[in-house]
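Here is the file start.tsv (TSV, C-alpha atoms).
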```tsv
chain	number	residue	atom	x	y	z
A	1	MET	CA	26.48	-14.91	39.10
A	2	GLU	CA	29.33	-14.85	36.56
A	3	PRO	CA	28.84	-11.26	35.33
A	4	TYR	CA	28.87	-9.99	38.91
A	5	ALA	CA	32.30	-11.45	39.65
A	6	ALA	CA	34.00	-8.64	37.73
A	7	LEU	CA	31.90	-6.03	39.52
A	8	MET	CA	32.76	-7.58	42.86
A	9	ALA	CA	36.46	-7.64	41.98
A	10	SER	CA	36.26	-3.97	41.04
A	11	PHE	CA	34.60	-3.10	44.35
A	12	VAL	CA	37.21	-5.04	46.34
A	13	LEU	CA	40.06	-3.46	44.40
A	14	CYS	CA	38.66	0.05	44.93
A	15	GLY	CA	38.33	-0.69	48.63
A	16	ILE	CA	41.92	-1.93	48.87
A	17	VAL	CA	43.33	1.07	46.99
A	18	ALA	CA	41.39	3.53	49.15
A	19	ALA	CA	42.39	1.75	52.36
A	20	VAL	CA	46.05	1.60	51.36
A	21	MET	CA	46.10	5.31	50.51
A	22	VAL	CA	44.53	6.34	53.80
A	23	CYS	CA	46.60	3.93	55.93
A	24	ALA	CA	49.89	4.66	54.17
A	25	SER	CA	49.59	8.43	54.62
A	26	TRP	CA	48.55	7.88	58.24
A	27	ILE	CA	51.54	5.62	58.97
A	28	LEU	CA	54.19	7.34	56.84
A	29	GLY	CA	53.21	10.97	57.29
A	30	PRO	CA	54.96	13.02	59.97
A	31	LYS	CA	52.62	14.28	62.68
A	32	ASN	CA	53.37	17.73	64.06
A	33	PRO	CA	50.00	19.24	64.98
A	34	THR	CA	49.78	22.91	65.88
A	35	PRO	CA	46.56	24.76	66.76
A	36	THR	CA	46.67	26.57	63.41
A	37	LYS	CA	46.99	23.31	61.49
A	38	LEU	CA	44.09	21.75	63.38
A	39	GLU	CA	41.78	24.60	62.50
A	40	ILE	CA	39.10	23.94	59.92
A	41	PHE	CA	40.32	25.06	56.50
A	42	GLU	CA	38.06	27.74	55.08
A	43	THR	CA	39.83	29.03	51.97
A	44	GLY	CA	42.58	30.47	54.18
A	45	ASN	CA	40.29	32.69	56.25
A	46	PRO	CA	39.77	32.18	59.96
A	47	PRO	CA	36.61	30.11	60.47
A	48	MET	CA	33.54	32.22	61.22
A	49	GLY	CA	32.10	29.84	63.74
A	50	SER	CA	29.55	27.07	63.74
A	51	LEU	CA	26.94	26.60	61.04
A	52	ARG	CA	24.45	25.40	63.59
A	53	GLY	CA	21.31	27.47	63.51
A	54	MET	CA	22.20	29.00	60.15
A	55	ARG	CA	19.48	28.85	57.54
A	56	PHE	CA	20.07	28.00	53.91
A	57	PRO	CA	17.88	29.18	51.04
A	58	VAL	CA	15.25	26.62	50.11
A	59	LYS	CA	16.41	26.90	46.48
A	60	PHE	CA	19.06	24.27	47.17
A	61	TYR	CA	16.26	21.88	48.04
A	62	LEU	CA	14.29	22.80	44.92
A	63	VAL	CA	17.28	22.06	42.72
A	64	ALA	CA	17.71	18.69	44.47
A	65	ILE	CA	14.02	17.84	43.93
A	66	PHE	CA	14.20	18.77	40.24
A	67	PHE	CA	17.29	16.60	39.91
A	68	VAL	CA	15.59	13.59	41.47
A	69	VAL	CA	12.41	13.97	39.41
A	70	PHE	CA	14.17	14.31	36.09
A	71	ASP	CA	16.59	11.55	37.10
A	72	VAL	CA	13.64	9.21	37.56
A	73	GLU	CA	12.30	10.35	34.19
A	74	VAL	CA	15.56	9.36	32.49
A	75	VAL	CA	15.47	5.99	34.28
A	76	PHE	CA	12.47	5.07	32.14
A	77	LEU	CA	14.41	5.87	28.97
A	78	TYR	CA	16.93	3.08	29.60
A	79	PRO	CA	14.57	0.11	29.24
A	80	TRP	CA	12.68	1.95	26.51
A	81	ALA	CA	15.84	2.45	24.44
A	82	LEU	CA	16.65	-1.27	24.81
A	83	ILE	CA	13.53	-2.42	22.94
A	84	PHE	CA	12.92	0.76	20.97
A	85	ARG	CA	12.89	-1.08	17.61
A	86	GLN	CA	10.54	-3.88	18.69
A	87	LEU	CA	8.05	-1.37	20.06
A	88	GLY	CA	7.81	0.54	16.78
A	89	TRP	CA	5.52	3.54	16.46
A	90	ALA	CA	3.40	2.55	19.46
A	91	GLY	CA	6.45	2.82	21.68
A	92	LEU	CA	7.38	6.18	20.23
A	93	VAL	CA	3.90	7.60	20.88
A	94	GLU	CA	3.88	6.12	24.36
A	95	MET	CA	7.17	7.75	25.26
A	96	ALA	CA	6.11	11.01	23.58
A	97	ILE	CA	3.07	11.24	25.89
A	98	PHE	CA	5.25	10.51	28.89
A	99	MET	CA	7.79	13.13	27.90
A	100	ALA	CA	5.08	15.67	27.04
A	101	ILE	CA	3.56	15.44	30.52
A	102	LEU	CA	6.97	15.90	32.12
A	103	GLY	CA	7.78	18.59	29.57
A	104	ALA	CA	4.76	20.46	30.87
A	105	GLY	CA	6.32	20.24	34.32
A	106	LEU	CA	9.60	21.59	33.00
A	107	ALA	CA	7.77	24.43	31.19
A	108	TYR	CA	5.95	25.31	34.42
A	109	VAL	CA	9.17	25.35	36.43
A	110	TRP	CA	10.76	27.51	33.77
A	111	GLN	CA	7.76	29.83	33.55
A	112	VAL	CA	7.54	30.57	37.27
A	113	GLY	CA	11.27	31.22	37.30
A	114	ALA	CA	12.21	28.48	39.72
A	115	LEU	CA	15.26	27.76	37.58
A	116	GLU	CA	16.57	31.28	38.12
A	117	TRP	CA	18.82	31.59	41.11
A	118	ASP	CA	17.79	35.01	42.44
B	1	MET	CA	22.73	-18.61	49.93
B	2	ILE	CA	25.93	-17.59	51.73
B	3	ALA	CA	25.91	-14.39	49.69
B	4	PHE	CA	22.38	-13.71	50.90
B	5	TRP	CA	23.34	-13.99	54.57
B	6	ILE	CA	26.37	-11.74	54.19
B	7	VAL	CA	24.33	-9.13	52.34
B	8	ALA	CA	21.49	-9.39	54.83
B	9	LEU	CA	23.94	-8.90	57.70
B	10	PHE	CA	25.41	-5.74	56.17
B	11	ALA	CA	21.94	-4.43	55.33
B	12	LEU	CA	20.98	-4.82	58.98
B	13	VAL	CA	24.19	-3.13	60.15
B	14	GLY	CA	23.41	-0.17	57.87
B	15	ALA	CA	19.84	-0.03	59.12
B	16	LEU	CA	21.00	-0.04	62.73
B	17	VAL	CA	23.41	2.81	61.99
B	18	VAL	CA	20.49	4.78	60.50
B	19	VAL	CA	18.40	4.31	63.62
B	20	LEU	CA	21.02	4.43	66.34
B	21	HIS	CA	23.67	6.93	65.26
B	22	ARG	CA	23.33	10.31	66.84
B	23	ASN	CA	24.73	12.30	63.94
B	24	PRO	CA	22.14	12.50	61.13
B	25	VAL	CA	24.83	12.62	58.44
B	26	TYR	CA	26.17	9.24	59.57
B	27	SER	CA	22.60	7.97	59.57
B	28	ALA	CA	22.26	9.02	55.93
B	29	LEU	CA	25.50	7.22	55.09
B	30	GLY	CA	24.23	4.13	56.90
B	31	LEU	CA	21.20	4.35	54.63
B	32	VAL	CA	23.55	4.27	51.63
B	33	LEU	CA	25.03	1.01	52.94
B	34	THR	CA	21.59	-0.53	53.40
B	35	LEU	CA	20.40	0.60	49.95
B	36	PHE	CA	23.54	-0.88	48.36
B	37	GLN	CA	22.88	-4.19	50.09
B	38	VAL	CA	19.28	-4.17	48.89
B	39	ALA	CA	20.65	-3.61	45.37
B	40	VAL	CA	22.76	-6.74	45.76
B	41	LEU	CA	19.66	-8.61	46.96
B	42	PHE	CA	17.89	-7.50	43.76
B	43	ALA	CA	20.83	-8.82	41.75
B	44	LEU	CA	20.63	-12.14	43.62
B	45	LEU	CA	16.93	-12.28	42.68
B	46	ASP	CA	17.74	-12.02	38.94
B	47	ALA	CA	16.81	-8.35	38.65
B	48	PRO	CA	19.99	-6.68	37.38
B	49	LEU	CA	18.28	-3.55	36.04
B	50	LEU	CA	16.49	-2.99	39.33
B	51	ALA	CA	19.79	-3.44	41.18
B	52	LEU	CA	21.46	-0.82	39.02
B	53	LEU	CA	18.59	1.64	39.38
B	54	GLN	CA	18.53	1.06	43.12
B	55	VAL	CA	22.14	2.26	43.29
B	56	MET	CA	21.67	5.12	40.83
B	57	VAL	CA	18.38	6.53	42.05
B	58	TYR	CA	18.20	5.62	45.72
B	59	ALA	CA	21.83	5.48	46.86
B	60	GLY	CA	22.68	8.32	44.48
B	61	ALA	CA	19.86	10.80	44.17
B	62	ILE	CA	17.53	10.17	47.09
B	63	VAL	CA	20.25	10.10	49.73
B	64	VAL	CA	21.64	13.34	48.28
B	65	LEU	CA	18.19	14.79	48.84
B	66	PHE	CA	18.26	13.57	52.45
B	67	LEU	CA	21.65	15.18	52.95
B	68	PHE	CA	20.24	18.43	51.54
B	69	VAL	CA	17.46	18.34	54.08
B	70	ILE	CA	19.93	17.64	56.89
B	71	MET	CA	21.99	20.61	55.68
B	72	LEU	CA	18.95	22.88	55.39
B	73	LEU	CA	17.83	22.06	58.89
B	74	SER	CA	21.46	22.01	60.12
B	75	LEU	CA	20.56	19.38	62.65
B	76	GLU	CA	22.63	18.95	65.73
B	77	PRO	CA	23.63	15.49	66.89
B	78	GLU	CA	20.55	14.04	68.47
B	79	LYS	CA	20.17	13.96	72.16
B	80	ARG	CA	19.33	10.52	73.42
B	81	LEU	CA	15.71	10.59	74.44
B	82	ALA	CA	13.84	7.71	75.95
B	83	ALA	CA	10.73	7.05	73.89
B	84	PRO	CA	7.54	7.49	75.89
B	85	PHE	CA	6.20	4.15	77.03
B	86	PRO	CA	3.15	3.90	74.71
B	87	VAL	CA	5.35	4.79	71.70
B	88	ALA	CA	7.88	2.12	72.62
B	89	VAL	CA	5.12	-0.48	72.98
B	90	ALA	CA	3.56	0.54	69.66
B	91	GLY	CA	6.95	0.28	67.94
B	92	LEU	CA	7.58	-3.17	69.39
B	93	VAL	CA	4.13	-4.40	68.37
B	94	LEU	CA	4.60	-3.05	64.83
B	95	ALA	CA	8.06	-4.63	64.49
B	96	ALA	CA	6.79	-7.95	65.85
B	97	THR	CA	3.81	-7.91	63.46
B	98	LEU	CA	6.01	-7.16	60.45
B	99	GLY	CA	8.51	-9.85	61.45
B	100	PHE	CA	5.75	-12.39	62.00
B	101	GLY	CA	4.21	-11.53	58.62
B	102	LEU	CA	7.58	-11.98	56.89
B	103	VAL	CA	8.19	-15.35	58.53
B	104	VAL	CA	4.69	-16.60	57.70
B	105	SER	CA	4.85	-15.39	54.09
B	106	GLY	CA	8.16	-17.23	53.73
B	107	THR	CA	6.54	-20.55	54.69
B	108	LEU	CA	3.40	-20.21	52.55
B	109	PRO	CA	3.32	-22.25	49.31
B	110	LEU	CA	3.72	-20.31	46.05
B	111	ARG	CA	0.61	-19.20	44.23
B	112	SER	CA	-0.55	-21.79	41.71
B	113	GLY	CA	-0.01	-19.42	38.76
B	114	VAL	CA	3.72	-19.13	39.36
B	115	PRO	CA	5.73	-21.49	37.12
B	116	SER	CA	8.20	-23.68	38.98
B	117	ARG	CA	10.91	-23.02	36.40
B	118	LEU	CA	11.63	-19.46	35.36
B	119	PRO	CA	11.90	-18.54	31.68
B	120	ALA	CA	15.46	-18.07	30.44
B	121	ASP	CA	15.14	-14.31	30.04
B	122	PHE	CA	13.52	-13.79	33.46
B	123	GLY	CA	14.49	-10.48	34.98
B	124	SER	CA	16.51	-9.36	31.98
B	125	PRO	CA	16.23	-5.65	31.15
B	126	GLU	CA	14.63	-6.53	27.81
B	127	SER	CA	11.84	-8.61	29.34
B	128	LEU	CA	11.26	-5.91	31.94
B	129	ALA	CA	11.01	-3.30	29.20
B	130	THR	CA	8.64	-5.43	27.13
B	131	ASN	CA	6.35	-5.92	30.13
B	132	LEU	CA	6.47	-2.26	31.10
B	133	PHE	CA	5.78	-0.80	27.67
B	134	THR	CA	3.21	-3.30	26.41
B	135	LYS	CA	1.30	-4.80	29.34
B	136	HIS	CA	1.61	-1.93	31.81
B	137	GLN	CA	1.28	1.14	29.61
B	138	LEU	CA	-1.20	2.94	31.83
B	139	PRO	CA	0.83	2.76	35.07
B	140	PHE	CA	3.85	3.89	33.06
B	141	GLU	CA	2.04	6.97	31.75
B	142	LEU	CA	0.57	7.69	35.18
B	143	THR	CA	4.10	7.72	36.58
B	144	SER	CA	4.74	10.88	34.59
B	145	VAL	CA	1.69	12.50	36.20
B	146	LEU	CA	3.08	11.54	39.62
B	147	LEU	CA	6.43	13.12	38.78
B	148	LEU	CA	4.64	16.21	37.46
B	149	VAL	CA	2.78	16.56	40.76
B	150	ALA	CA	6.11	16.26	42.60
B	151	VAL	CA	7.69	19.06	40.56
B	152	VAL	CA	4.73	21.42	40.81
B	153	GLY	CA	4.24	20.63	44.48
B	154	ALA	CA	7.87	21.40	45.30
B	155	VAL	CA	7.67	24.75	43.50
B	156	VAL	CA	4.38	25.73	45.16
B	157	LEU	CA	5.61	24.81	48.64
B	158	ALA	CA	8.91	26.63	48.20
B	159	ARG	CA	7.36	29.82	46.82
B	160	ARG	CA	4.34	30.09	49.06
B	161	ARG	CA	5.64	32.88	51.27
B	162	SER	CA	7.32	35.17	48.77
```
Please express what this file holds, its structure, as structure tokens.
Amino acid sequence: MEPYAALMASFVLCGIVAAVMVCASWILGPKNPTPTKLEIFETGNPPMGSLRGMRFPVKFYLVAIFFVVFDVEVVFLYPWALIFRQLGWAGLVEMAIFMAILGAGLAYVWQVGALEWD
Amino acid sequence: MIAFWIVALFALVGALVVVLHRNPVYSALGLVLTLFQVAVLFALLDAPLLALLQVMVYAGAIVVLFLFVIMLLSLEPEKRLAAPFPVAVAGLVLAATLGFGLVVSGTLPLRSGVPSRLPADFGSPESLATNLFTKHQLPFELTSVLLLVAVVGAVVLARRRS
């Protein structure tokens, strides 16, 4: 458990700092609410109303999916890089096949233009 | 052991937030709490790499994906609906079965093949990597096919109409 003590200490410290900042500004800050101040800040413009029922382009979702998939791909590189030398050529070929299959996916995504925004 | 109970408690709190909170964004954040606690459980089980990846991939990427979906659907806070009676019964039976299975599996003796003392490097990232890239090459390569299907599937589903 030794190595985790430092991590735990870091978590606790982060929590304390965040809590102190929020609490201090809540206690020390003057409170003088006006209707204008309580409005939602939208780059200085008056809010246009609720977002409920608004539809967003599905492209946002596609970008998120691509991120997750290629994130998982990179996850496999971490353990591979750790024992890269012990694995030798076999390991290199193994990873090359893995990357080639995912590279095909990337090429497809690129080809159909899913990486373009419009 | 104390650490386990604390972590388990927080994991359950997070899970309850996921199920019970009426605002789906809070539910997603409750999921982050639970996933973090599961990461700590992995660490307690001598699986540091798995713990790290749990935080990076699940608490990081997957929950972001959930939040995207919540945003895309722009869900309103849920109205409290009573589950229809058969659904409630089915849920209770399922939960009871799972709980019973967990309790029973906890009391069963270990399989004979499992050594009583773990090797010194058990759970280390190096031993995980060695196992993954030598013994389990085929599942590793098949993972890339799975990811490929996910990418292509997402594109096909998103572009079907246009």
Set the cut-off to 8 Å and count all atoms listed in the file: what are the residues of chain B that reach chain A? Output as a PDB file with C-alpha atoms, in the coordinates of the input.
```pdb
ATOM      1  CA  LEU B  44      20.630 -12.140  43.620  1.00  0.00           C
ATOM      2  CA  LEU B  53      18.590   1.640  39.380  1.00  0.00           C
ATOM      3  CA  VAL B  57      18.380   6.530  42.050  1.00  0.00           C
ATOM      4  CA  ALA B  61      19.860  10.800  44.170  1.00  0.00           C
ATOM      5  CA  ILE B  62      17.530  10.170  47.090  1.00  0.00           C
ATOM      6  CA  VAL B  64      21.640  13.340  48.280  1.00  0.00           C
ATOM      7  CA  LEU B  65      18.190  14.790  48.840  1.00  0.00           C
ATOM      8  CA  PHE B  68      20.240  18.430  51.540  1.00  0.00           C
ATOM      9  CA  VAL B  69      17.460  18.340  54.080  1.00  0.00           C
ATOM     10  CA  MET B  71      21.990  20.610  55.680  1.00  0.00           C
ATOM     11  CA  LEU B  72      18.950  22.880  55.390  1.00  0.00           C
ATOM     12  CA  LEU B  73      17.830  22.060  58.890  1.00  0.00           C
ATOM     13  CA  SER B  74      21.460  22.010  60.120  1.00  0.00           C
ATOM     14  CA  LEU B  75      20.560  19.380  62.650  1.00  0.00           C
ATOM     15  CA  GLU B  76      22.630  18.950  65.730  1.00  0.00           C
ATOM     16  CA  PRO B 125      16.230  -5.650  31.150  1.00  0.00           C
ATOM     17  CA  GLU B 126      14.630  -6.530  27.810  1.00  0.00           C
ATOM     18  CA  LEU B 128      11.260  -5.910  31.940  1.00  0.00           C
ATOM     19  CA  ALA B 129      11.010  -3.300  29.200  1.00  0.00           C
ATOM     20  CA  THR B 130       8.640  -5.430  27.130  1.00  0.00           C
ATOM     21  CA  PHE B 133       5.780  -0.800  27.670  1.00  0.00           C
ATOM     22  CA  GLN B 137       1.280   1.140  29.610  1.00  0.00           C
ATOM     23  CA  PHE B 140       3.850   3.890  33.060  1.00  0.00           C
ATOM     24  CA  GLU B 141       2.040   6.970  31.750  1.00  0.00           C
ATOM     25  CA  SER B 144       4.740  10.880  34.590  1.00  0.00           C
ATOM     26  CA  VAL B 145       1.690  12.500  36.200  1.00  0.00           C
ATOM     27  CA  LEU B 147       6.430  13.120  38.780  1.00  0.00           C
ATOM     28  CA  LEU B 148       4.640  16.210  37.460  1.00  0.00           C
ATOM     29  CA  ALA B 150       6.110  16.260  42.600  1.00  0.00           C
ATOM     30  CA  VAL B 151       7.690  19.060  40.560  1.00  0.00           C
ATOM     31  CA  VAL B 152       4.730  21.420  40.810  1.00  0.00           C
ATOM     32  CA  ALA B 154       7.870  21.400  45.300  1.00  0.00           C
ATOM     33  CA  VAL B 155       7.670  24.750  43.500  1.00  0.00           C
ATOM     34  CA  ALA B 158       8.910  26.630  48.200  1.00  0.00           C
TER      35      ALA B 158
END
```
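Here atom CA of B:Val13 stands at a distance of 24.8 Å from atom CA of B:Leu49.
From atom CA of A:Ala5 back to atom CA of B:Ile6, the distance works out to 15.7 Å.
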With 5 Å added on each side, what axis-aligned box encloses every listed atom of stretch 56-63 of chain A? Give the centre and edge lengths in Å to one decimal, as lines of an AutoDock Vina configuration file.
```
center_x = 17.2
center_y = 25.5
center_z = 48.3
size_x = 15.8
size_y = 17.3
size_z = 21.2
```
State, in Å with one decimal place, the distance from atom CA of B:Tyr58 to atom CA of B:Leu31.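 For atom CA of B:Tyr58 relative to atom CA of B:Leu31, the distance reads 9.5 Å.
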